[in-house]
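Before any comments, here is the structure.
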Amino acid sequence: MSLRRPLNAALLPLLLSACSYQDYQSDFGKGAVQDSDFLTLFTIFLVVCAIMYVLVIGFLIAGILRRGRAVEANVVETGRHHQSHPAMRTTLIGWAVLIGIGLAGLAIASFFTDRSMAKAATNQKLSIKLTANQWWWDVQYNSADPSKTMRTANELHLPVGVPVRITLASNDVIHSFWVPSLAGKQDLIPGRENDITITPKRTGIFRGQCAEFCGVQHAHMALIVDVDSYADFIKWWDHQLQPAAAPTNPAALAGYKYVTTGPCSACHNIAGTPASGTVAPDLTHLASRRSIAAGALPMGEGGLYGWVEDPQSVKPGNHMPTIGLEPDQLHSVVAYLETLK
Amino acid sequence: MRRVATALLGVGALVACASVTACNKSQQSQSSAPVITAPIVGGPHALPPAAAAPADDGNWTMPGKNYASTRFSALSQITPANVSKLALAFTFSTGTTKGFEAPPLVVNGTMYVITPFPNYLFALDLTKPGAPTKWEFKPKPAAASQGVACCDVVNRGAVYDNGKIFFNTLDGQTFAVDANSGQMVWHTQLGDIQKGETITMAPLVADGKVLVGDSGGEMGVRGWIAALDEGSGKVVWKAYNTGPDKDVLIGANFHPFYASDRGKDLGVKTWPPDAWKIGGATVWGWISYDPETKLIYYGTSNPGPWNPDQRPGDNKWSSGIFARNVDTGQAAWYYQSSPHDLFDHDDVNEIILADIPWGNGRRPVLLRPDRNGFFYVMDRRTGQVLSATPYGYINVYKGVDLKSGRIIPNPDKSPKPGRVTRDICPASPGAKDWNPAAFSPVTGLVYIPHINLCQDEGHMEANYISGTPYVGADVKMYAGPGGNRGVFTAWDPIHRRPVWEIKEDLPLWSPALVTAGNVVFYGTMDGWFKAVDARNGKLLWQFKAGSGIIGQPISYRGPDGRQYIAVICGVGGWAGAIVDANMDPHDPTGALGFANAVKDLPLKTTAGGILYVFTLPR
Amino acid sequence: MSSRFRVSVAAIAVAAIALCACNREEHHSRAKPIGETIPTSQSPATIFPGNGTPPPLDPRAALYDNNANAIGQGQQLFSMMNCVGCHSHGGGGMGPALSDDEWRYGGRIDQIAASIADGRPNGMPSWRGKLTADQIWDLAAYVRSLSGLPSKDAVSSRSESMSAGTPSTLTPHGEIKNSDAAQQ
């Protein structure tokens, strides 16, 4: 018993550090310039505050130890510092100066971090609009050439080393954008636009998460961020711009007919087909994504079956209804969705 | 010139200030006395080109009167001196109660009346007393088409040519009917209501071709104009207004004046991927034709959806004017008056062809009071904008840059996502909607019936489901500065200023007619049919019809040699839908926001559909 | 047992009974198979010859009518499925007004659901096969709420239409540039 408690205390940081395995979702990921800047700022704050803390505690302990000697004065606070001992006066002045330097240091560090954020925002080379919905992310890539505008969902692809400005909006309630490895939090608020700038420093996959309680499926509102080399990113963008390929095998063809004329088409868009709904995630390249329904299920045949058959048991309360597909319809719909690479 | 405009604006501001208290009063009065703001200047003025506006034979065979779309009658028996004696000759009830925007046609002693849905066509024998019905033709359009007609189930008119009457039905068909017997000659299905395509426009017959365009800019359709062979109804050519150049019929002969309209496949590149397929740019308004150059001129509608965030880019070829060769459909030039339209400022308004004094000679131009509030004078051979002058109150644009041809938007009024933008002037129906102006070569003035509305607008994501609306906007309209919702302006296109103005309480939704006798006719939505003096706007005569008037008056010479004036009442259209569609006035967003501006209309008029014909007593 | 204690026990009992009756927000996110639940062409108030009686109210109506969750879901669908485009926020336009007290095809929730599912001849589209039965019932519940038919406690007090502020058109005019080739 007496041993277990300190052991637990020692294990906790270890467990926490396991969360940052491969820096997939970690505040200390340093995945982007902004995250590193924040981390530097955090370190400065930590160091300054730690020094001050140690000093305060040190003086406190010293005070307690010296308590016996001070008893004859029996005055804790007289308000007459000028009459006090010269050494005491010097110490107090020194203490005030130290506080001033510490606070000024924090303010300056904070100021410069803030400026570098603002500079990055004006320096943006790529503009993305991220719209939060209950409970999924709508991602729109903007371009000076409107015909290169592209939409996807629940997955953010960024080029490494390029400042990207992400405009944040919401269609229903307040959500919060949080990809710990890349940047700080920023809220998505209905009726206004926020923005956040990210300059990724290294390639990799990072996980983001809605960080503001937004309804029953708040926990199932993940965002995968894929940082690629610039060339790979452009390749990916070009691929996403391609309309969905027409299916060839009979099962997928039957699924195509059902999806593009049935209930799916009232909400979802699949470029190159009659399905042009805008109120649900774009499915044009669904199968090329890593997850289904904002991280509710992994992408794959099993996930698609589970999700399409009964989305309300996978993610109860979400806007996709359980349609009650017949088995052959289900097979063909999944066969078609798997072709949407 | 600038000083005059500033003075006018000053007067406007004074009126606006005074109207805060006078608002209630102005709601009661029908219309104000005309305000004369400038003299009619003598000397050379604008004239219609002779080829497009031949001498008047006393008939009225197409809604615009002639290819130049002057809506001018050369008959002069009715004058300001005797118009007050005007009396009813006969009436005719069409049996429909929807918005009546079409003019009657008169051809050699027979009058043809095309009604709104269900698009009955009547032939009335003018040679007999009381004008009995000669025949009627019922095309029986699909009833479901009513559910995809954005702004009432109107029809803007039929056209007569070569022994046949041509008209469109709401469900997307074009009919040719023998003018003598009332037998159908051919019909062609052009629009698909399952996609939201309807046809409400009046066709134009030019050079042996019937020109037809679709409606449905609020339904996510893809706009087009088609030319049908007059004899057989076969499609000769069909040009889309969005998409790749080969669909738009843009080829080697396409020479737009401004650089921003040059480039390959702009109908695709100025839209997000695939958005052009559902991007509107329909042709539901008017077509004019210049027989000398064999060019037709027409405007394209708003891009869809109304929510501009869903369609970044210039959205070509929406909200602009096309000039096309009538034989091949090949585009000659294009001008976009509202690139990346933010406020549903369609560009379908009438295009009046005129030759204006220019240097020592005359320059062939087109005149158009545009929906965006500017009166454009453009060279009709090249598409160059010669001038663009506001003829109504505008705060969403700062002007038109004549170097680039682009309108200058006011950034304060650009819509922001999730926010309501207040005080957008002019409102979505523009400073003037579809109802055409008339142009008198006698006075050289353009008589513009128009509206004075502003609006609040908020956007939300529009979902595209074919056959349902694709709008994404909540709109609430109300009276503009001054509190009057309608204005009738006599506009001098040469000196670019109003000569006189009449403030009307209700929005003006009826087209105008002007005659050589210097009398101007127009109707109001509460049913007053008015005759005013073309020179000073003085009210000379008025008649209260059974329903509000949004139809076009015409003037013709009867078989007895006398001059007649005809108009059909029947309130409706976008502005009057609150009455004929029996809407609930408590919802300010009803009828795409128009309901809020005319909440009082149901108390002032009821639906109907009656023809009135007037003449002077013997 | 003090009187105060007895009073609070009674109050708790009353509150508990009241809560039992509180099913206005009961959720039912799992839909049932199509075909079983959408009423087919329930006739409006018409004539049933031979001493016939109108069909009784569909028993499933009770699940949706007066249910705040159904009305809320229906409200979202009303916008997402473009109903707003034709019916506005109840005032009408392309389609008839829904906020008045006139019902062409009946104002009972099952009659409204039938109108949505099967369409009506003058342009109302048929949503069967595009929406699930559950969604259609939700929409019907919301449509009824537009004319204030459900009880007040089930309906959101937040208006979806635009605020009716005073128009701000009476502001001073800005200068608009005339554009004239001859002047430049």
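Chain lettering (A, B, ...) mirrors the order of the structure tokens, residue numbering begins at 1 for each chain separately, and ligand numbering begins at 1 in order of display.
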
Find the nearest atom pair between each residue of chain A and chain C for residues within 6 Å, count only C-alpha atoms, give distances in Å to one decimal, sort rows by chain and ascending number, and present the table as a tab-separated table.
residue	atom	partner	partner_atom	distance
A:Gly262	CA	C:Lys130	CA	5.6
A:Pro263	CA	C:Lys130	CA	3.9
A:Gln312	CA	C:Arg30	CA	5.9
A:Gly317	CA	C:Ser29	CA	5.8
A:Thr322	CA	C:Ala31	CA	5.7
A:Gly324	CA	C:Pro33	CA	5.2

Write the residues of the preceding selection, restricted to N, CA and C atoms, as a PDB file, in the first residue's frame.
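Result saved to again.pdb:
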ATOM      1  N   GLY A 262     -30.882   7.115 -55.008  1.00  0.00           N
ATOM      2  CA  GLY A 262     -31.634   6.828 -53.800  1.00  0.00           C
ATOM      3  C   GLY A 262     -31.432   7.874 -52.724  1.00  0.00           C
ATOM      4  N   PRO A 263     -31.691   7.502 -51.485  1.00  0.00           N
ATOM      5  CA  PRO A 263     -31.626   8.466 -50.388  1.00  0.00           C
ATOM      6  C   PRO A 263     -30.236   9.079 -50.195  1.00  0.00           C
ATOM      7  N   GLN A 312     -26.886   4.404 -37.063  1.00  0.00           N
ATOM      8  CA  GLN A 312     -27.426   4.884 -35.788  1.00  0.00           C
ATOM      9  C   GLN A 312     -26.976   4.031 -34.606  1.00  0.00           C
ATOM     10  N   GLY A 317     -27.609   9.116 -32.997  1.00  0.00           N
ATOM     11  CA  GLY A 317     -27.969  10.527 -33.007  1.00  0.00           C
ATOM     12  C   GLY A 317     -27.385  11.302 -34.164  1.00  0.00           C
ATOM     13  N   THR A 322     -30.652   5.320 -40.453  1.00  0.00           N
ATOM     14  CA  THR A 322     -30.591   3.897 -40.775  1.00  0.00           C
ATOM     15  C   THR A 322     -31.690   3.637 -41.797  1.00  0.00           C
ATOM     16  N   GLY A 324     -32.287   0.790 -43.581  1.00  0.00           N
ATOM     17  CA  GLY A 324     -32.884  -0.536 -43.627  1.00  0.00           C
ATOM     18  C   GLY A 324     -32.666  -1.176 -44.993  1.00  0.00           C
TER      19      GLY A 324
END

(message) I'd like the neighbourhood of Asn66 in chain C as an MDAnalysis selection string, where a residue qualifies if any of its atoms comes within 9 Å (using only C-alpha atoms), though same-chain residues fewer than 5 positions away should be ignored.
(response) chainID C and resid 24:25 71 141 145 149:155

Just the selected residues (N, CA and C atoms), exported as a PDB file, in the first residue's frame, please.
ATOM      1  N   ARG C  24     -41.833  14.484 -24.032  1.00  0.00           N
ATOM      2  CA  ARG C  24     -41.794  15.385 -25.185  1.00  0.00           C
ATOM      3  C   ARG C  24     -40.457  15.340 -25.910  1.00  0.00           C
ATOM      4  N   GLU C  25     -39.434  14.826 -25.258  1.00  0.00           N
ATOM      5  CA  GLU C  25     -38.153  14.801 -25.946  1.00  0.00           C
ATOM      6  C   GLU C  25     -37.637  13.395 -26.158  1.00  0.00           C
ATOM      7  N   ILE C  71     -39.675  17.385 -33.706  1.00  0.00           N
ATOM      8  CA  ILE C  71     -39.860  18.706 -34.309  1.00  0.00           C
ATOM      9  C   ILE C  71     -38.501  19.330 -34.621  1.00  0.00           C
ATOM     10  N   ALA C 141     -44.033  16.460 -38.298  1.00  0.00           N
ATOM     11  CA  ALA C 141     -44.186  17.048 -36.963  1.00  0.00           C
ATOM     12  C   ALA C 141     -43.784  18.513 -36.989  1.00  0.00           C
ATOM     13  N   SER C 145     -45.882  22.180 -36.545  1.00  0.00           N
ATOM     14  CA  SER C 145     -45.495  23.201 -35.566  1.00  0.00           C
ATOM     15  C   SER C 145     -45.482  24.597 -36.195  1.00  0.00           C
ATOM     16  N   LEU C 149     -49.714  24.118 -34.120  1.00  0.00           N
ATOM     17  CA  LEU C 149     -50.634  23.064 -33.705  1.00  0.00           C
ATOM     18  C   LEU C 149     -50.143  22.249 -32.504  1.00  0.00           C
ATOM     19  N   PRO C 150     -48.856  21.883 -32.429  1.00  0.00           N
ATOM     20  CA  PRO C 150     -48.440  21.105 -31.258  1.00  0.00           C
ATOM     21  C   PRO C 150     -48.456  21.968 -30.003  1.00  0.00           C
ATOM     22  N   SER C 151     -48.384  21.316 -28.858  1.00  0.00           N
ATOM     23  CA  SER C 151     -48.401  22.082 -27.614  1.00  0.00           C
ATOM     24  C   SER C 151     -47.118  22.900 -27.504  1.00  0.00           C
ATOM     25  N   LYS C 152     -47.215  24.012 -26.789  1.00  0.00           N
ATOM     26  CA  LYS C 152     -46.137  25.003 -26.762  1.00  0.00           C
ATOM     27  C   LYS C 152     -44.828  24.430 -26.213  1.00  0.00           C
ATOM     28  N   ASP C 153     -44.935  23.531 -25.232  1.00  0.00           N
ATOM     29  CA  ASP C 153     -43.713  23.071 -24.590  1.00  0.00           C
ATOM     30  C   ASP C 153     -42.855  22.208 -25.506  1.00  0.00           C
ATOM     31  N   ALA C 154     -43.437  21.738 -26.617  1.00  0.00           N
ATOM     32  CA  ALA C 154     -42.668  20.890 -27.520  1.00  0.00           C
ATOM     33  C   ALA C 154     -41.946  21.706 -28.586  1.00  0.00           C
ATOM     34  N   VAL C 155     -42.318  22.965 -28.730  1.00  0.00           N
ATOM     35  CA  VAL C 155     -41.805  23.736 -29.861  1.00  0.00           C
ATOM     36  C   VAL C 155     -40.693  24.658 -29.398  1.00  0.00           C
TER      37      VAL C 155
END

Can you list, as a CSV table (one decimal) with N, CA and C atoms, in the first residue's frame, every residue of range 127-322 of chain B that DSSP puts in alpha helix (DSSP H)?
chain,number,residue,atom,x,y,z
B,245,ASP,N,-16.6,25.7,-74.1
B,245,ASP,CA,-16.9,26.6,-75.2
B,245,ASP,C,-17.7,25.9,-76.3
B,246,LYS,N,-17.5,24.6,-76.5
B,246,LYS,CA,-18.3,24.0,-77.6
B,246,LYS,C,-19.8,23.9,-77.2
B,247,ASP,N,-20.1,23.8,-75.9
B,247,ASP,CA,-21.5,23.9,-75.5
B,247,ASP,C,-22.1,25.3,-75.6
B,248,VAL,N,-21.3,26.2,-75.3
B,248,VAL,CA,-21.7,27.6,-75.3
B,248,VAL,C,-21.7,28.2,-76.7
B,266,LEU,N,-14.1,29.5,-70.3
B,266,LEU,CA,-14.3,30.2,-69.1
B,266,LEU,C,-15.6,29.8,-68.4
B,267,GLY,N,-16.5,29.2,-69.1
B,267,GLY,CA,-17.7,28.7,-68.5
B,267,GLY,C,-17.5,27.5,-67.6
B,268,VAL,N,-16.3,27.0,-67.6
B,268,VAL,CA,-15.9,25.9,-66.7
B,268,VAL,C,-14.9,26.4,-65.7
B,269,LYS,N,-13.9,27.2,-66.2
B,269,LYS,CA,-12.8,27.6,-65.3
B,269,LYS,C,-13.3,28.7,-64.2

(request) For chain A, list the residues within 10 Å of chain B, counting only C-alpha atoms, and write the list as JSON, numbers by chain. (result) {"A": [142, 143, 144, 145, 146, 147, 148, 149, 150, 151, 169, 170, 171, 189, 190, 191, 192, 193, 241, 242, 243, 265, 266, 267, 268, 269, 271, 272, 273, 274, 275, 276, 277, 278, 279, 280]}

Kindly export the residues of the current selection with C-alpha atoms, as a short mmCIF file (atom, residue, chain, number, x, y, z; two decimals), in the first residue's frame.
data_model
loop_
_atom_site.label_atom_id
_atom_site.label_comp_id
_atom_site.auth_asym_id
_atom_site.auth_seq_id
_atom_site.Cartn_x
_atom_site.Cartn_y
_atom_site.Cartn_z
CA ASN A 142 -9.62 27.10 -52.01
CA SER A 143 -7.58 28.20 -54.95
CA ALA A 144 -7.17 31.38 -56.94
CA ASP A 145 -8.45 29.30 -59.84
CA PRO A 146 -12.03 28.49 -58.80
CA SER A 147 -12.11 25.34 -60.91
CA LYS A 148 -9.46 23.90 -58.58
CA THR A 149 -11.67 24.33 -55.53
CA MET A 150 -12.07 20.95 -53.88
CA ARG A 151 -14.05 19.47 -51.04
CA ALA A 169 -16.57 28.08 -39.33
CA SER A 170 -19.45 26.12 -37.91
CA ASN A 171 -22.85 25.22 -39.28
CA ILE A 189 -18.34 29.46 -33.86
CA PRO A 190 -21.58 29.66 -35.83
CA GLY A 191 -22.05 33.08 -37.39
CA ARG A 192 -18.39 34.07 -37.49
CA GLU A 193 -15.10 32.97 -38.97
CA LEU A 241 -10.15 16.89 -58.19
CA GLN A 242 -10.82 13.91 -60.42
CA PRO A 243 -14.47 12.90 -60.63
CA SER A 265 -27.91 11.42 -53.14
CA ALA A 266 -30.18 13.77 -51.20
CA CYS A 267 -27.29 14.62 -48.88
CA HIS A 268 -23.97 13.42 -50.32
CA ASN A 269 -21.94 14.61 -53.27
CA ALA A 271 -18.39 14.34 -58.28
CA GLY A 272 -19.10 13.10 -61.77
CA THR A 273 -22.42 11.53 -60.77
CA PRO A 274 -25.92 12.95 -60.32
CA ALA A 275 -25.45 12.90 -56.54
CA SER A 276 -24.71 16.52 -55.68
CA GLY A 277 -25.90 16.96 -52.09
CA THR A 278 -23.91 19.36 -49.96
CA VAL A 279 -25.18 18.75 -46.43
CA ALA A 280 -23.20 15.57 -45.73
#

Quick one: residues within 10 Å of Gln329 in chain A, only C-alpha atoms counted, chain neighbours fewer than 5 positions away excluded, as a PDB file with N, CA and C atoms, in the first residue's frame?
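Saved the output as selection_15.pdb:
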ATOM      1  N   ALA A 251     -21.817  -5.610 -59.380  1.00  0.00           N
ATOM      2  CA  ALA A 251     -22.260  -5.284 -58.024  1.00  0.00           C
ATOM      3  C   ALA A 251     -22.082  -3.794 -57.769  1.00  0.00           C
ATOM      4  N   ALA A 254     -24.661  -1.727 -59.615  1.00  0.00           N
ATOM      5  CA  ALA A 254     -25.960  -1.690 -58.933  1.00  0.00           C
ATOM      6  C   ALA A 254     -25.898  -0.716 -57.763  1.00  0.00           C
ATOM      7  N   GLY A 255     -24.765  -0.742 -57.056  1.00  0.00           N
ATOM      8  CA  GLY A 255     -24.592   0.184 -55.942  1.00  0.00           C
ATOM      9  C   GLY A 255     -24.571   1.624 -56.416  1.00  0.00           C
ATOM     10  N   TYR A 258     -28.044   2.786 -56.994  1.00  0.00           N
ATOM     11  CA  TYR A 258     -28.772   3.037 -55.759  1.00  0.00           C
ATOM     12  C   TYR A 258     -28.283   4.330 -55.085  1.00  0.00           C
ATOM     13  N   VAL A 259     -26.965   4.458 -54.998  1.00  0.00           N
ATOM     14  CA  VAL A 259     -26.406   5.592 -54.259  1.00  0.00           C
ATOM     15  C   VAL A 259     -26.728   6.916 -54.959  1.00  0.00           C
ATOM     16  N   GLU A 309     -24.964  -0.094 -43.001  1.00  0.00           N
ATOM     17  CA  GLU A 309     -26.113  -0.878 -42.558  1.00  0.00           C
ATOM     18  C   GLU A 309     -26.843  -0.188 -41.408  1.00  0.00           C
ATOM     19  N   GLY A 324     -32.287   0.790 -43.581  1.00  0.00           N
ATOM     20  CA  GLY A 324     -32.884  -0.536 -43.627  1.00  0.00           C
ATOM     21  C   GLY A 324     -32.666  -1.176 -44.993  1.00  0.00           C
ATOM     22  N   VAL A 334     -21.830  -1.145 -50.712  1.00  0.00           N
ATOM     23  CA  VAL A 334     -20.465  -1.216 -50.196  1.00  0.00           C
ATOM     24  C   VAL A 334     -19.484  -1.467 -51.343  1.00  0.00           C
ATOM     25  N   ALA A 335     -19.885  -2.328 -52.281  1.00  0.00           N
ATOM     26  CA  ALA A 335     -19.015  -2.586 -53.432  1.00  0.00           C
ATOM     27  C   ALA A 335     -18.742  -1.297 -54.191  1.00  0.00           C
TER      28      ALA A 335
END

(request) Give the strand (DSSP E) residues of range 123-301 of chain A, as DSSP finds them on the backbone, and put them as a PyMOL selection string. (result) chain A and resi 126-133+136-142+150-153+155-159+164-170+175-177+186-188+194-198+204-209+222-228+291-292+297-298

(request) Measuring atom to atom with only C-alpha atoms, identify which of C:Arg108, C:Arg144, C:His87, C:Arg60 is nearest to chain B. (result)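 The shortest atom-to-atom distance to chain B comes from C:His87.
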